[in-house]
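Colleague: Quick one: this structure, given as structure tokens, is what I'll be asking you about.
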Amino acid sequence: MRVRSLFFAAYRDLAGRGELDVELPPGATVSDLVAVVRRSAERLAGLPAQPVVAVNQEYAGYEQHLRDGDEVAFIPPVAGG
Amino acid sequence: MRVRSLFFAAYRDLAGRGELDVELPPGATVSDLVAVVRRSAERLAGLPAQPVVAVNQEYAGYEQHLRDGDEVAFIPPVAGG
Amino acid sequence: MYVQITSDPIQVSEVLASVGSSADGAILLFTGIVRNHSEGQPVTAVQYEAYRGMAEQVLREIAQEASERLGTDRLAVVHRVGDLAVGDVSVAIAVSSPHRAESFAACRYVIEEIKVRLPVWKRERFVGGEARWAPGRALAPSPAAGV
Amino acid sequence: MYVQITSDPIQVSEVLASVGSSADGAILLFTGIVRNHSEGQPVTAVQYEAYRGMAEQVLREIAQEASERLGTDRLAVVHRVGDLAVGDVSVAIAVSSPHRAESFAACRYVIEEIKVRLPVWKRERFVGGEARWAPGRALAPSPAAGV
């Protein structure tokens with residue numbers, strides 16, 4: 001299956017890109033995705049070991065299983081207001 | 001000496017008047033004034049035994065000594081805001 | 001710092017505009033409004049009476065104390081007296097500060113102190129024409145003990 | 001209830017006017033403003049970036065939760081994104097309720113939750129042209145534990 005990773009703000013600067021499509025085996029979790037993303041490029045290894053993520057625009061835990069077409073956002077510490 | 005008593009809101013309705021000039025012996029305190037005022041007319045006996053008072057526009061204790069020309073306001077429970 | 005007791009309608013936008021600065025990240029505005037009910041009974045209008053000179057002095061003291069909590073002197077408070085209709089603004093408080101915590105603390109302080117210290121009274125008029133002085137709050141410190 | 005993420009300047013008077021009713025005795029307005037300083041350094045401008053779709057959804061959730069504290073649905077919150085200058089309004093929150101305690105609690109709740117949950121980021125530009133992402137707040141619950 002394929003999921004789309006999104007990088008915002010400081011993470012986008014770090015990644016050098018705002019999006020990354022990732023191929024994952026069926027049954028993969030958020031945890032698996034984060035590991036794959038961090039290994040996929042040298043600059044992406046600079047992401048925190050456990051960044052906050054949102055799956056399809058909802059904050060998600062690392063055990064959550066992903067599905068084909070999911071949108072997984074890597075959320076840096078927020079600074080709104 | 002002579003002091004001026006002021007009655008506001010519910011106390012004015014009770015007193016049937018907004019002001020009352022009172023003659024007091026030298027050295028009289030707020031406590032003395034309140035006693036004299038409460039005795040001075042039947043309707044004024046309806047005032048609380050110890051109403052909050054302000055002397056010359058500052059909240060005052062009952063032991064405070066009064067001086068000729070002082071303005072003593074009888075302050076009902078407040079309801080601003 | 002701007003403090004006023006007035007019988008004119010309160011211009012909320014002016015009160016708000018009187019605070020703020022380029023150093024401030026937070027502005028807070030509180031307005032008290034004449035409600036159409038009081039303790040379950042429908043209210044048609046109210047009348048605020050003040051011990052005018054003292055009320056101005058007490059309001060200034062409250063503003064001064066709040067300003068210390070605020071950390072700035074960018075604070076405005078206006079209390080209206082006289083005849084008000086439902087929906088009219090009876091009090092407006094505006095504050096600004098670099099960070100929000102101070103604005104919330106100072107704004108709340110002003111309205112809470114007004115409720116217990118300001119020599120102002122409210123006469124509520126009910127449907128049918130009956131009117132009565134709103135049950136107020138006695139000052140916390142006992143006068144016998146010396147306020 | 002009115003909730004919006006917008007790149008247009010925030011019309012504070014409209015946000016304020018969207019709350020209030022004849023049953024309400026208290027109206028509270030909070031505005032967040034771009035300060036000219038951040039942690040001791042002079043700031044010239046900021047840029048807010050949002051994960052737009054999610055931010056609107058989270059802001060709606062926050063407003064809903066606050067509305068329960070408020071006891072009314074008379075709540076409006078608007079957050080701006082894009083390029084802002086010093087003095088510009090970044091966020092406006094207006095609430096109204098019969099009594100003031102609920103307004104203070106709900107208004108404070110909205111801004112505190114925005115600060116920890118809303119997927120929005122701020123890039124600060126300093127005198128001399130240097131810019132950096134403002135140090136933000138990591139979400140409190142550990143993602144490993146399942147948010």
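Starting from 1 in every chain, residues are counted up; chains themselves are A, B, ... following the order of the structure tokens, and ligands are numbered from 1 as listed.
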I'd like the neighbourhood of region 10-22 of chain C as a list in words, where a residue qualifies if any of its atoms comes within 6 Å (using only C-alpha atoms), though same-chain residues fewer than 2 positions away should be ignored.
Modeller: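 The contact residues come out as Asp24, Arg74, Ala94 and Ser96 of chain C; Arg35, Asn36 and Gly87 of chain D.
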Colleague: Mind dumping a table of every chain C residue within 7 Å of chain D, with the nearest atom pair and its distance in Å to one decimal, using only C-alpha atoms, sorted by chain and rising number, as a tab-separated table?
Modeller:
residue	atom	partner	partner_atom	distance
C:Ser22	CA	D:Asn36	CA	5.6
C:Ala23	CA	D:Arg35	CA	5.2
C:Asp24	CA	D:Arg35	CA	5.6
C:Gly25	CA	D:Ile33	CA	4.5
C:Ala26	CA	D:Gly32	CA	4.8
C:Ile27	CA	D:Thr31	CA	5.2
C:Leu28	CA	D:Phe30	CA	4.6
C:Leu29	CA	D:Leu29	CA	5.0
C:Phe30	CA	D:Leu28	CA	4.6
C:Thr31	CA	D:Ile27	CA	5.2
C:Gly32	CA	D:Ala26	CA	4.8
C:Ile33	CA	D:Gly25	CA	4.5
C:Val34	CA	D:Gly25	CA	5.8
C:Arg35	CA	D:Gly25	CA	5.1
C:Asn36	CA	D:Ala23	CA	5.5
C:His37	CA	D:Ala23	CA	6.8
C:Val86	CA	D:Ser22	CA	6.6
C:Gly87	CA	D:Ser22	CA	5.7
Colleague: Go ahead and dump the residues you just picked, C-alpha atoms, as an mmCIF file, in the first residue's frame.
Modeller:
data_model
loop_
_atom_site.group_PDB
_atom_site.id
_atom_site.type_symbol
_atom_site.label_atom_id
_atom_site.label_comp_id
_atom_site.auth_asym_id
_atom_site.auth_seq_id
_atom_site.Cartn_x
_atom_site.Cartn_y
_atom_site.Cartn_z
ATOM 1 C CA SER C 22 3.487 47.133 19.797
ATOM 2 C CA ALA C 23 4.991 45.381 22.829
ATOM 3 C CA ASP C 24 1.713 43.658 23.700
ATOM 4 C CA GLY C 25 0.698 40.228 22.452
ATOM 5 C CA ALA C 26 -2.645 40.096 24.272
ATOM 6 C CA ILE C 27 -5.650 42.381 24.508
ATOM 7 C CA LEU C 28 -8.673 41.460 26.592
ATOM 8 C CA LEU C 29 -12.027 43.224 26.677
ATOM 9 C CA PHE C 30 -14.801 42.475 29.137
ATOM 10 C CA THR C 31 -18.210 44.061 28.855
ATOM 11 C CA GLY C 32 -21.028 43.741 31.338
ATOM 12 C CA ILE C 33 -24.446 43.924 29.731
ATOM 13 C CA VAL C 34 -27.913 44.482 31.144
ATOM 14 C CA ARG C 35 -29.546 41.052 31.027
ATOM 15 C CA ASN C 36 -33.229 40.426 30.385
ATOM 16 C CA HIS C 37 -33.468 38.331 33.544
ATOM 17 C CA VAL C 86 -31.634 45.500 28.280
ATOM 18 C CA GLY C 87 -28.570 45.033 26.074
#
Colleague: Identify all chain A residues at most 8 Å from chain D by counting only C-alpha atoms; ligands do not count. Present them as a PyMOL selection string.
Modeller: chain A and resi 8-10+50-53+57-63+75-81
Colleague: Go ahead and write the residues just picked, N, CA, C and O atoms, as an mmCIF file, in the first residue's frame.
Modeller:
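result-v9.cif, written as the output of this step:
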data_model
loop_
_atom_site.group_PDB
_atom_site.id
_atom_site.type_symbol
_atom_site.label_atom_id
_atom_site.label_comp_id
_atom_site.auth_asym_id
_atom_site.auth_seq_id
_atom_site.Cartn_x
_atom_site.Cartn_y
_atom_site.Cartn_z
ATOM 1 N N PHE A 8 5.500 19.774 7.692
ATOM 2 C CA PHE A 8 5.168 21.193 7.861
ATOM 3 C C PHE A 8 6.293 21.945 8.570
ATOM 4 O O PHE A 8 7.038 21.385 9.364
ATOM 5 N N ALA A 9 6.338 23.246 8.272
ATOM 6 C CA ALA A 9 7.167 24.198 9.021
ATOM 7 C C ALA A 9 8.610 23.688 9.147
ATOM 8 O O ALA A 9 9.241 23.386 8.130
ATOM 9 N N ALA A 10 9.114 23.586 10.392
ATOM 10 C CA ALA A 10 10.517 23.199 10.588
ATOM 11 C C ALA A 10 10.807 21.821 9.997
ATOM 12 O O ALA A 10 11.910 21.571 9.496
ATOM 13 N N GLN A 50 10.417 10.197 17.516
ATOM 14 C CA GLN A 50 8.971 9.987 17.612
ATOM 15 C C GLN A 50 8.199 11.290 17.430
ATOM 16 O O GLN A 50 7.604 11.816 18.381
ATOM 17 N N PRO A 51 8.187 11.805 16.223
ATOM 18 C CA PRO A 51 7.430 13.036 15.990
ATOM 19 C C PRO A 51 5.934 12.791 16.197
ATOM 20 O O PRO A 51 5.453 11.674 15.995
ATOM 21 N N VAL A 52 5.237 13.845 16.586
ATOM 22 C CA VAL A 52 3.771 13.759 16.645
ATOM 23 C C VAL A 52 3.244 13.601 15.217
ATOM 24 O O VAL A 52 3.726 14.263 14.305
ATOM 25 N N VAL A 53 2.278 12.713 15.033
ATOM 26 C CA VAL A 53 1.702 12.545 13.693
ATOM 27 C C VAL A 53 0.176 12.645 13.746
ATOM 28 O O VAL A 53 -0.439 12.422 14.789
ATOM 29 N N GLN A 57 -5.748 13.828 9.224
ATOM 30 C CA GLN A 57 -6.095 15.049 9.956
ATOM 31 C C GLN A 57 -6.567 14.813 11.391
ATOM 32 O O GLN A 57 -7.196 15.699 11.985
ATOM 33 N N GLU A 58 -6.268 13.660 11.951
ATOM 34 C CA GLU A 58 -6.529 13.439 13.377
ATOM 35 C C GLU A 58 -5.269 12.926 14.042
ATOM 36 O O GLU A 58 -4.619 12.007 13.532
ATOM 37 N N TYR A 59 -4.960 13.507 15.211
ATOM 38 C CA TYR A 59 -3.790 13.036 15.940
ATOM 39 C C TYR A 59 -3.898 11.536 16.155
ATOM 40 O O TYR A 59 -4.984 11.018 16.458
ATOM 41 N N ALA A 60 -2.780 10.833 15.979
ATOM 42 C CA ALA A 60 -2.824 9.366 16.014
ATOM 43 C C ALA A 60 -1.689 8.801 16.856
ATOM 44 O O ALA A 60 -0.613 9.399 16.970
ATOM 45 N N GLY A 61 -1.925 7.645 17.430
ATOM 46 C CA GLY A 61 -0.907 6.929 18.178
ATOM 47 C C GLY A 61 -0.035 6.104 17.247
ATOM 48 O O GLY A 61 -0.380 5.868 16.073
ATOM 49 N N TYR A 62 1.091 5.634 17.780
ATOM 50 C CA TYR A 62 2.053 4.913 16.942
ATOM 51 C C TYR A 62 1.625 3.483 16.617
ATOM 52 O O TYR A 62 2.143 2.870 15.705
ATOM 53 N N GLU A 63 0.672 2.955 17.372
ATOM 54 C CA GLU A 63 0.218 1.583 17.091
ATOM 55 C C GLU A 63 -0.862 1.547 16.009
ATOM 56 O O GLU A 63 -1.261 0.470 15.570
ATOM 57 N N ILE A 75 3.881 16.503 12.573
ATOM 58 C CA ILE A 75 3.468 17.760 13.199
ATOM 59 C C ILE A 75 4.556 18.284 14.138
ATOM 60 O O ILE A 75 4.722 17.763 15.248
ATOM 61 N N PRO A 76 5.282 19.318 13.751
ATOM 62 C CA PRO A 76 6.260 19.905 14.688
ATOM 63 C C PRO A 76 5.519 20.526 15.872
ATOM 64 O O PRO A 76 4.305 20.744 15.806
ATOM 65 N N PRO A 77 6.264 20.804 16.959
ATOM 66 C CA PRO A 77 5.635 21.513 18.080
ATOM 67 C C PRO A 77 4.875 22.732 17.564
ATOM 68 O O PRO A 77 5.421 23.521 16.784
ATOM 69 N N VAL A 78 3.617 22.871 18.000
ATOM 70 C CA VAL A 78 2.745 23.898 17.428
ATOM 71 C C VAL A 78 3.008 25.260 18.072
ATOM 72 O O VAL A 78 3.482 25.356 19.207
ATOM 73 N N ALA A 79 2.684 26.315 17.324
ATOM 74 C CA ALA A 79 2.950 27.675 17.821
ATOM 75 C C ALA A 79 1.901 28.659 17.310
ATOM 76 O O ALA A 79 2.226 29.756 16.862
ATOM 77 N N GLY A 80 0.642 28.254 17.406
ATOM 78 C CA GLY A 80 -0.427 29.170 16.998
ATOM 79 C C GLY A 80 -0.797 30.110 18.127
ATOM 80 O O GLY A 80 -0.173 30.122 19.184
ATOM 81 N N GLY A 81 -1.828 30.895 17.861
ATOM 82 C CA GLY A 81 -2.317 31.809 18.905
ATOM 83 C C GLY A 81 -1.781 33.206 18.717
ATOM 84 O O GLY A 81 -0.997 33.473 17.839
#
Colleague: Report the residues of region 62-123 of chain D whose backbone DSSP state falls under helix (DSSP H, G or I), written as an mmCIF file with all heavy atoms, in the first residue's frame.
Modeller:
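For reference, result04.cif as written:
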data_model
loop_
_atom_site.group_PDB
_atom_site.id
_atom_site.type_symbol
_atom_site.label_atom_id
_atom_site.label_comp_id
_atom_site.auth_asym_id
_atom_site.auth_seq_id
_atom_site.Cartn_x
_atom_site.Cartn_y
_atom_site.Cartn_z
ATOM 1 N N ILE D 62 -12.195 22.398 19.491
ATOM 2 C CA ILE D 62 -11.889 23.246 20.662
ATOM 3 C C ILE D 62 -13.092 24.132 20.981
ATOM 4 O O ILE D 62 -13.497 24.273 22.142
ATOM 5 C CB ILE D 62 -10.637 24.106 20.389
ATOM 6 C CG1 ILE D 62 -9.382 23.232 20.303
ATOM 7 C CG2 ILE D 62 -10.481 25.179 21.459
ATOM 8 C CD1 ILE D 62 -8.136 23.967 19.812
ATOM 9 N N ALA D 63 -13.680 24.720 19.939
ATOM 10 C CA ALA D 63 -14.828 25.606 20.139
ATOM 11 C C ALA D 63 -15.999 24.836 20.742
ATOM 12 O O ALA D 63 -16.713 25.334 21.621
ATOM 13 C CB ALA D 63 -15.234 26.251 18.811
ATOM 14 N N GLN D 64 -16.175 23.609 20.293
ATOM 15 C CA GLN D 64 -17.267 22.779 20.803
ATOM 16 C C GLN D 64 -17.067 22.478 22.294
ATOM 17 O O GLN D 64 -17.995 22.586 23.098
ATOM 18 C CB GLN D 64 -17.330 21.474 20.000
ATOM 19 C CG GLN D 64 -18.579 20.661 20.226
ATOM 20 C CD GLN D 64 -19.835 21.437 19.814
ATOM 21 O OE1 GLN D 64 -19.922 21.942 18.698
ATOM 22 N NE2 GLN D 64 -20.790 21.562 20.730
ATOM 23 N N GLU D 65 -15.840 22.137 22.638
ATOM 24 C CA GLU D 65 -15.524 21.842 24.044
ATOM 25 C C GLU D 65 -15.708 23.092 24.907
ATOM 26 O O GLU D 65 -16.217 23.028 26.026
ATOM 27 C CB GLU D 65 -14.091 21.317 24.153
ATOM 28 C CG GLU D 65 -13.889 19.950 23.507
ATOM 29 C CD GLU D 65 -12.434 19.654 23.174
ATOM 30 O OE1 GLU D 65 -11.548 20.400 23.641
ATOM 31 O OE2 GLU D 65 -12.177 18.687 22.431
ATOM 32 N N ALA D 66 -15.288 24.227 24.378
ATOM 33 C CA ALA D 66 -15.410 25.483 25.121
ATOM 34 C C ALA D 66 -16.870 25.862 25.299
ATOM 35 O O ALA D 66 -17.279 26.407 26.328
ATOM 36 C CB ALA D 66 -14.657 26.597 24.401
ATOM 37 N N SER D 67 -17.670 25.574 24.288
ATOM 38 C CA SER D 67 -19.088 25.898 24.331
ATOM 39 C C SER D 67 -19.784 25.162 25.474
ATOM 40 O O SER D 67 -20.709 25.692 26.103
ATOM 41 C CB SER D 67 -19.718 25.539 22.985
ATOM 42 O OG SER D 67 -21.109 25.665 23.044
ATOM 43 N N GLU D 68 -19.297 23.962 25.755
ATOM 44 C CA GLU D 68 -19.869 23.231 26.900
ATOM 45 C C GLU D 68 -19.530 23.937 28.213
ATOM 46 O O GLU D 68 -20.359 24.014 29.115
ATOM 47 C CB GLU D 68 -19.369 21.783 26.915
ATOM 48 C CG GLU D 68 -20.049 20.941 25.827
ATOM 49 C CD GLU D 68 -19.292 19.664 25.506
ATOM 50 O OE1 GLU D 68 -18.552 19.174 26.380
ATOM 51 O OE2 GLU D 68 -19.434 19.164 24.362
ATOM 52 N N ARG D 69 -18.306 24.459 28.317
ATOM 53 C CA ARG D 69 -17.932 25.231 29.507
ATOM 54 C C ARG D 69 -18.702 26.544 29.585
ATOM 55 O O ARG D 69 -19.006 27.057 30.654
ATOM 56 C CB ARG D 69 -16.432 25.551 29.475
ATOM 57 C CG ARG D 69 -15.584 24.372 29.876
ATOM 58 C CD ARG D 69 -14.156 24.524 29.413
ATOM 59 N NE ARG D 69 -13.325 23.473 29.968
ATOM 60 C CZ ARG D 69 -13.278 22.240 29.500
ATOM 61 N NH1 ARG D 69 -14.004 21.889 28.460
ATOM 62 N NH2 ARG D 69 -12.495 21.339 30.075
ATOM 63 N N LEU D 70 -18.997 27.099 28.418
ATOM 64 C CA LEU D 70 -19.651 28.399 28.333
ATOM 65 C C LEU D 70 -21.128 28.298 28.692
ATOM 66 O O LEU D 70 -21.707 29.226 29.262
ATOM 67 C CB LEU D 70 -19.475 28.942 26.908
ATOM 68 C CG LEU D 70 -19.938 30.355 26.600
ATOM 69 C CD1 LEU D 70 -19.137 31.370 27.430
ATOM 70 C CD2 LEU D 70 -19.784 30.657 25.110
ATOM 71 N N ARG D 100 -20.447 35.957 34.156
ATOM 72 C CA ARG D 100 -19.087 36.166 33.672
ATOM 73 C C ARG D 100 -18.146 34.983 33.858
ATOM 74 O O ARG D 100 -17.229 34.793 33.063
ATOM 75 C CB ARG D 100 -18.483 37.406 34.328
ATOM 76 C CG ARG D 100 -18.217 37.271 35.814
ATOM 77 C CD ARG D 100 -17.836 38.613 36.417
ATOM 78 N NE ARG D 100 -17.621 38.561 37.857
ATOM 79 C CZ ARG D 100 -18.578 38.450 38.772
ATOM 80 N NH1 ARG D 100 -19.838 38.370 38.403
ATOM 81 N NH2 ARG D 100 -18.273 38.415 40.054
ATOM 82 N N ALA D 101 -18.339 34.182 34.891
ATOM 83 C CA ALA D 101 -17.386 33.103 35.174
ATOM 84 C C ALA D 101 -17.255 32.170 33.965
ATOM 85 O O ALA D 101 -16.141 31.777 33.587
ATOM 86 C CB ALA D 101 -17.809 32.322 36.413
ATOM 87 N N GLU D 102 -18.378 31.838 33.362
ATOM 88 C CA GLU D 102 -18.364 30.932 32.220
ATOM 89 C C GLU D 102 -17.646 31.553 31.022
ATOM 90 O O GLU D 102 -16.931 30.878 30.288
ATOM 91 C CB GLU D 102 -19.796 30.548 31.831
ATOM 92 C CG GLU D 102 -20.508 29.637 32.829
ATOM 93 C CD GLU D 102 -21.028 30.374 34.061
ATOM 94 O OE1 GLU D 102 -20.919 31.619 34.107
ATOM 95 O OE2 GLU D 102 -21.535 29.703 34.982
ATOM 96 N N SER D 103 -17.830 32.856 30.824
ATOM 97 C CA SER D 103 -17.145 33.516 29.710
ATOM 98 C C SER D 103 -15.629 33.500 29.903
ATOM 99 O O SER D 103 -14.878 33.209 28.976
ATOM 100 C CB SER D 103 -17.626 34.970 29.549
ATOM 101 O OG SER D 103 -18.816 35.011 28.787
ATOM 102 N N PHE D 104 -15.185 33.819 31.116
ATOM 103 C CA PHE D 104 -13.743 33.795 31.363
ATOM 104 C C PHE D 104 -13.181 32.387 31.165
ATOM 105 O O PHE D 104 -12.147 32.201 30.535
ATOM 106 C CB PHE D 104 -13.429 34.303 32.784
ATOM 107 C CG PHE D 104 -13.298 35.798 32.880
ATOM 108 C CD1 PHE D 104 -14.361 36.598 33.277
ATOM 109 C CD2 PHE D 104 -12.095 36.416 32.556
ATOM 110 C CE1 PHE D 104 -14.242 37.976 33.354
ATOM 111 C CE2 PHE D 104 -11.958 37.794 32.640
ATOM 112 C CZ PHE D 104 -13.031 38.584 33.041
ATOM 113 N N ALA D 105 -13.879 31.383 31.705
ATOM 114 C CA ALA D 105 -13.375 30.006 31.605
ATOM 115 C C ALA D 105 -13.317 29.550 30.150
ATOM 116 O O ALA D 105 -12.321 28.963 29.712
ATOM 117 C CB ALA D 105 -14.262 29.064 32.425
ATOM 118 N N ALA D 106 -14.348 29.836 29.390
ATOM 119 C CA ALA D 106 -14.413 29.358 28.012
ATOM 120 C C ALA D 106 -13.396 30.071 27.125
ATOM 121 O O ALA D 106 -12.728 29.458 26.289
ATOM 122 C CB ALA D 106 -15.825 29.542 27.455
ATOM 123 N N CYS D 107 -13.269 31.375 27.303
ATOM 124 C CA CYS D 107 -12.335 32.152 26.476
ATOM 125 C C CYS D 107 -10.908 31.680 26.734
ATOM 126 O O CYS D 107 -10.119 31.460 25.806
ATOM 127 C CB CYS D 107 -12.492 33.633 26.804
ATOM 128 S SG CYS D 107 -11.526 34.726 25.763
ATOM 129 N N ARG D 108 -10.591 31.505 28.020
ATOM 130 C CA ARG D 108 -9.252 31.044 28.377
ATOM 131 C C ARG D 108 -9.003 29.645 27.819
ATOM 132 O O ARG D 108 -7.913 29.327 27.328
ATOM 133 C CB ARG D 108 -9.109 31.047 29.903
ATOM 134 C CG ARG D 108 -7.705 30.786 30.406
ATOM 135 C CD ARG D 108 -6.835 31.995 30.118
ATOM 136 N NE ARG D 108 -5.432 31.771 30.349
ATOM 137 C CZ ARG D 108 -4.772 32.133 31.449
ATOM 138 N NH1 ARG D 108 -5.400 32.709 32.437
ATOM 139 N NH2 ARG D 108 -3.475 31.920 31.551
ATOM 140 N N TYR D 109 -10.026 28.802 27.895
ATOM 141 C CA TYR D 109 -9.884 27.429 27.392
ATOM 142 C C TYR D 109 -9.515 27.436 25.909
ATOM 143 O O TYR D 109 -8.616 26.725 25.471
ATOM 144 C CB TYR D 109 -11.194 26.662 27.597
ATOM 145 C CG TYR D 109 -11.120 25.219 27.149
ATOM 146 C CD1 TYR D 109 -10.562 24.253 27.970
ATOM 147 C CD2 TYR D 109 -11.586 24.846 25.896
ATOM 148 C CE1 TYR D 109 -10.475 22.935 27.550
ATOM 149 C CE2 TYR D 109 -11.508 23.521 25.473
ATOM 150 C CZ TYR D 109 -10.944 22.567 26.315
ATOM 151 O OH TYR D 109 -10.856 21.270 25.881
ATOM 152 N N VAL D 110 -10.198 28.262 25.137
ATOM 153 C CA VAL D 110 -9.946 28.286 23.691
ATOM 154 C C VAL D 110 -8.501 28.674 23.403
ATOM 155 O O VAL D 110 -7.805 27.994 22.633
ATOM 156 C CB VAL D 110 -10.909 29.249 22.966
ATOM 157 C CG1 VAL D 110 -10.503 29.405 21.503
ATOM 158 C CG2 VAL D 110 -12.351 28.745 23.061
ATOM 159 N N ILE D 111 -8.006 29.730 24.021
ATOM 160 C CA ILE D 111 -6.644 30.164 23.679
ATOM 161 C C ILE D 111 -5.608 29.167 24.185
ATOM 162 O O ILE D 111 -4.627 28.865 23.496
ATOM 163 C CB ILE D 111 -6.359 31.616 24.150
ATOM 164 C CG1 ILE D 111 -4.977 32.069 23.686
ATOM 165 C CG2 ILE D 111 -6.518 31.780 25.647
ATOM 166 C CD1 ILE D 111 -4.801 32.121 22.183
ATOM 167 N N GLU D 112 -5.839 28.589 25.371
ATOM 168 C CA GLU D 112 -4.867 27.604 25.875
ATOM 169 C C GLU D 112 -4.823 26.359 24.993
ATOM 170 O O GLU D 112 -3.753 25.816 24.727
ATOM 171 C CB GLU D 112 -5.184 27.218 27.326
ATOM 172 C CG GLU D 112 -5.089 28.359 28.335
ATOM 173 C CD GLU D 112 -3.722 29.031 28.369
ATOM 174 O OE1 GLU D 112 -2.701 28.341 28.139
ATOM 175 O OE2 GLU D 112 -3.667 30.256 28.597
ATOM 176 N N GLU D 113 -5.964 25.917 24.538
ATOM 177 C CA GLU D 113 -6.005 24.728 23.682
ATOM 178 C C GLU D 113 -5.400 25.012 22.310
ATOM 179 O O GLU D 113 -4.728 24.167 21.731
ATOM 180 C CB GLU D 113 -7.438 24.203 23.549
ATOM 181 C CG GLU D 113 -7.991 23.613 24.841
ATOM 182 C CD GLU D 113 -7.196 22.398 25.317
ATOM 183 O OE1 GLU D 113 -7.008 21.461 24.520
ATOM 184 O OE2 GLU D 113 -6.751 22.397 26.486
ATOM 185 N N ILE D 114 -5.654 26.211 21.791
ATOM 186 C CA ILE D 114 -5.014 26.600 20.532
ATOM 187 C C ILE D 114 -3.500 26.464 20.657
ATOM 188 O O ILE D 114 -2.829 25.940 19.765
ATOM 189 C CB ILE D 114 -5.401 28.047 20.158
ATOM 190 C CG1 ILE D 114 -6.814 28.079 19.566
ATOM 191 C CG2 ILE D 114 -4.395 28.658 19.176
ATOM 192 C CD1 ILE D 114 -7.342 29.482 19.286
ATOM 193 N N LYS D 115 -2.986 26.926 21.784
ATOM 194 C CA LYS D 115 -1.530 26.939 21.976
ATOM 195 C C LYS D 115 -0.921 25.540 22.010
ATOM 196 O O LYS D 115 0.273 25.392 21.761
ATOM 197 C CB LYS D 115 -1.187 27.664 23.295
ATOM 198 C CG LYS D 115 -1.546 29.135 23.304
ATOM 199 C CD LYS D 115 -0.448 29.978 22.691
ATOM 200 C CE LYS D 115 -0.831 31.453 22.691
ATOM 201 N NZ LYS D 115 0.195 32.279 22.021
ATOM 202 N N VAL D 116 -1.705 24.535 22.381
ATOM 203 C CA VAL D 116 -1.122 23.193 22.481
ATOM 204 C C VAL D 116 -1.619 22.202 21.424
ATOM 205 O O VAL D 116 -1.012 21.155 21.250
ATOM 206 C CB VAL D 116 -1.340 22.562 23.886
ATOM 207 C CG1 VAL D 116 -0.598 23.353 24.950
ATOM 208 C CG2 VAL D 116 -2.811 22.448 24.232
ATOM 209 N N ARG D 117 -2.706 22.524 20.733
ATOM 210 C CA ARG D 117 -3.293 21.521 19.828
ATOM 211 C C ARG D 117 -3.415 21.945 18.384
ATOM 212 O O ARG D 117 -3.532 21.091 17.492
ATOM 213 C CB ARG D 117 -4.720 21.177 20.302
ATOM 214 C CG ARG D 117 -4.770 20.268 21.480
ATOM 215 C CD ARG D 117 -6.146 20.304 22.117
ATOM 216 N NE ARG D 117 -7.196 19.778 21.253
ATOM 217 C CZ ARG D 117 -8.488 19.797 21.576
ATOM 218 N NH1 ARG D 117 -8.869 20.309 22.736
ATOM 219 N NH2 ARG D 117 -9.392 19.312 20.752
#
Colleague: Neighbouring residues of Val36 (chain A) were defined as those with any atom within 8 Å, considering only C-alpha atoms; residues of the same chain fewer than 4 positions away were excluded. Please report them as a PyMOL selection string.
Modeller: chain A and resi 22+32+40
Colleague: With C-alpha atoms kept, could you save the residues just selected as a JSON list (two decimals), in the first residue's frame?
Modeller:
[["chain", "number", "residue", "atom", "x", "y", "z"],
["A", 22, "VAL", "CA", 5.89, 5.83, 0.87],
["A", 32, "ASP", "CA", 6.61, 1.49, 10.80],
["A", 40, "SER", "CA", 14.55, 7.09, 3.32]]
Colleague: Using Å and a single decimal, report how far CA of Arg17 (chain B) sits from CA of Glu42 (chain B).
Modeller: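 It comes out at 12.8 Å.
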Colleague: If you run DSSP on this backbone, which residues of chain D come out as strand (DSSP E or B), and could you give them as a VMD selection string?
Modeller: chain D and resid 2 to 6 26 to 33 37 to 38 41 to 50 75 to 80 82 to 85 89 to 97 120 to 126 131 to 133 137
Colleague: Please provide as a VMD selection string all residues within 8 Å of Glu23 (chain B), with the sequence filter that same-chain residues fewer than 2 positions apart are discarded (counting only C-alpha atoms).
Modeller: chain B and resid 1 to 3 21 25
Colleague: Write the residues you've just listed into a file as an mmCIF file, in the first residue's frame, and include N, CA, C and O atoms for each of them.
Modeller:
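Saved result, again20.cif, follows:
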data_model
loop_
_atom_site.group_PDB
_atom_site.id
_atom_site.type_symbol
_atom_site.label_atom_id
_atom_site.label_comp_id
_atom_site.auth_asym_id
_atom_site.auth_seq_id
_atom_site.Cartn_x
_atom_site.Cartn_y
_atom_site.Cartn_z
ATOM 1 N N MET B 1 -19.769 69.232 67.431
ATOM 2 C CA MET B 1 -19.419 69.230 66.005
ATOM 3 C C MET B 1 -20.590 68.664 65.201
ATOM 4 O O MET B 1 -21.480 68.011 65.713
ATOM 5 N N ARG B 2 -20.504 68.913 63.913
ATOM 6 C CA ARG B 2 -21.602 68.500 63.048
ATOM 7 C C ARG B 2 -21.053 67.675 61.885
ATOM 8 O O ARG B 2 -20.062 68.067 61.258
ATOM 9 N N VAL B 3 -21.651 66.520 61.644
ATOM 10 C CA VAL B 3 -21.244 65.718 60.475
ATOM 11 C C VAL B 3 -22.466 65.481 59.597
ATOM 12 O O VAL B 3 -23.597 65.501 60.068
ATOM 13 N N ASP B 21 -28.006 65.865 58.755
ATOM 14 C CA ASP B 21 -26.934 66.499 59.533
ATOM 15 C C ASP B 21 -27.102 66.120 60.994
ATOM 16 O O ASP B 21 -28.216 66.187 61.536
ATOM 17 N N PRO B 25 -20.935 65.050 70.092
ATOM 18 C CA PRO B 25 -19.941 65.610 71.009
ATOM 19 C C PRO B 25 -18.538 65.426 70.444
ATOM 20 O O PRO B 25 -18.311 64.487 69.675
#
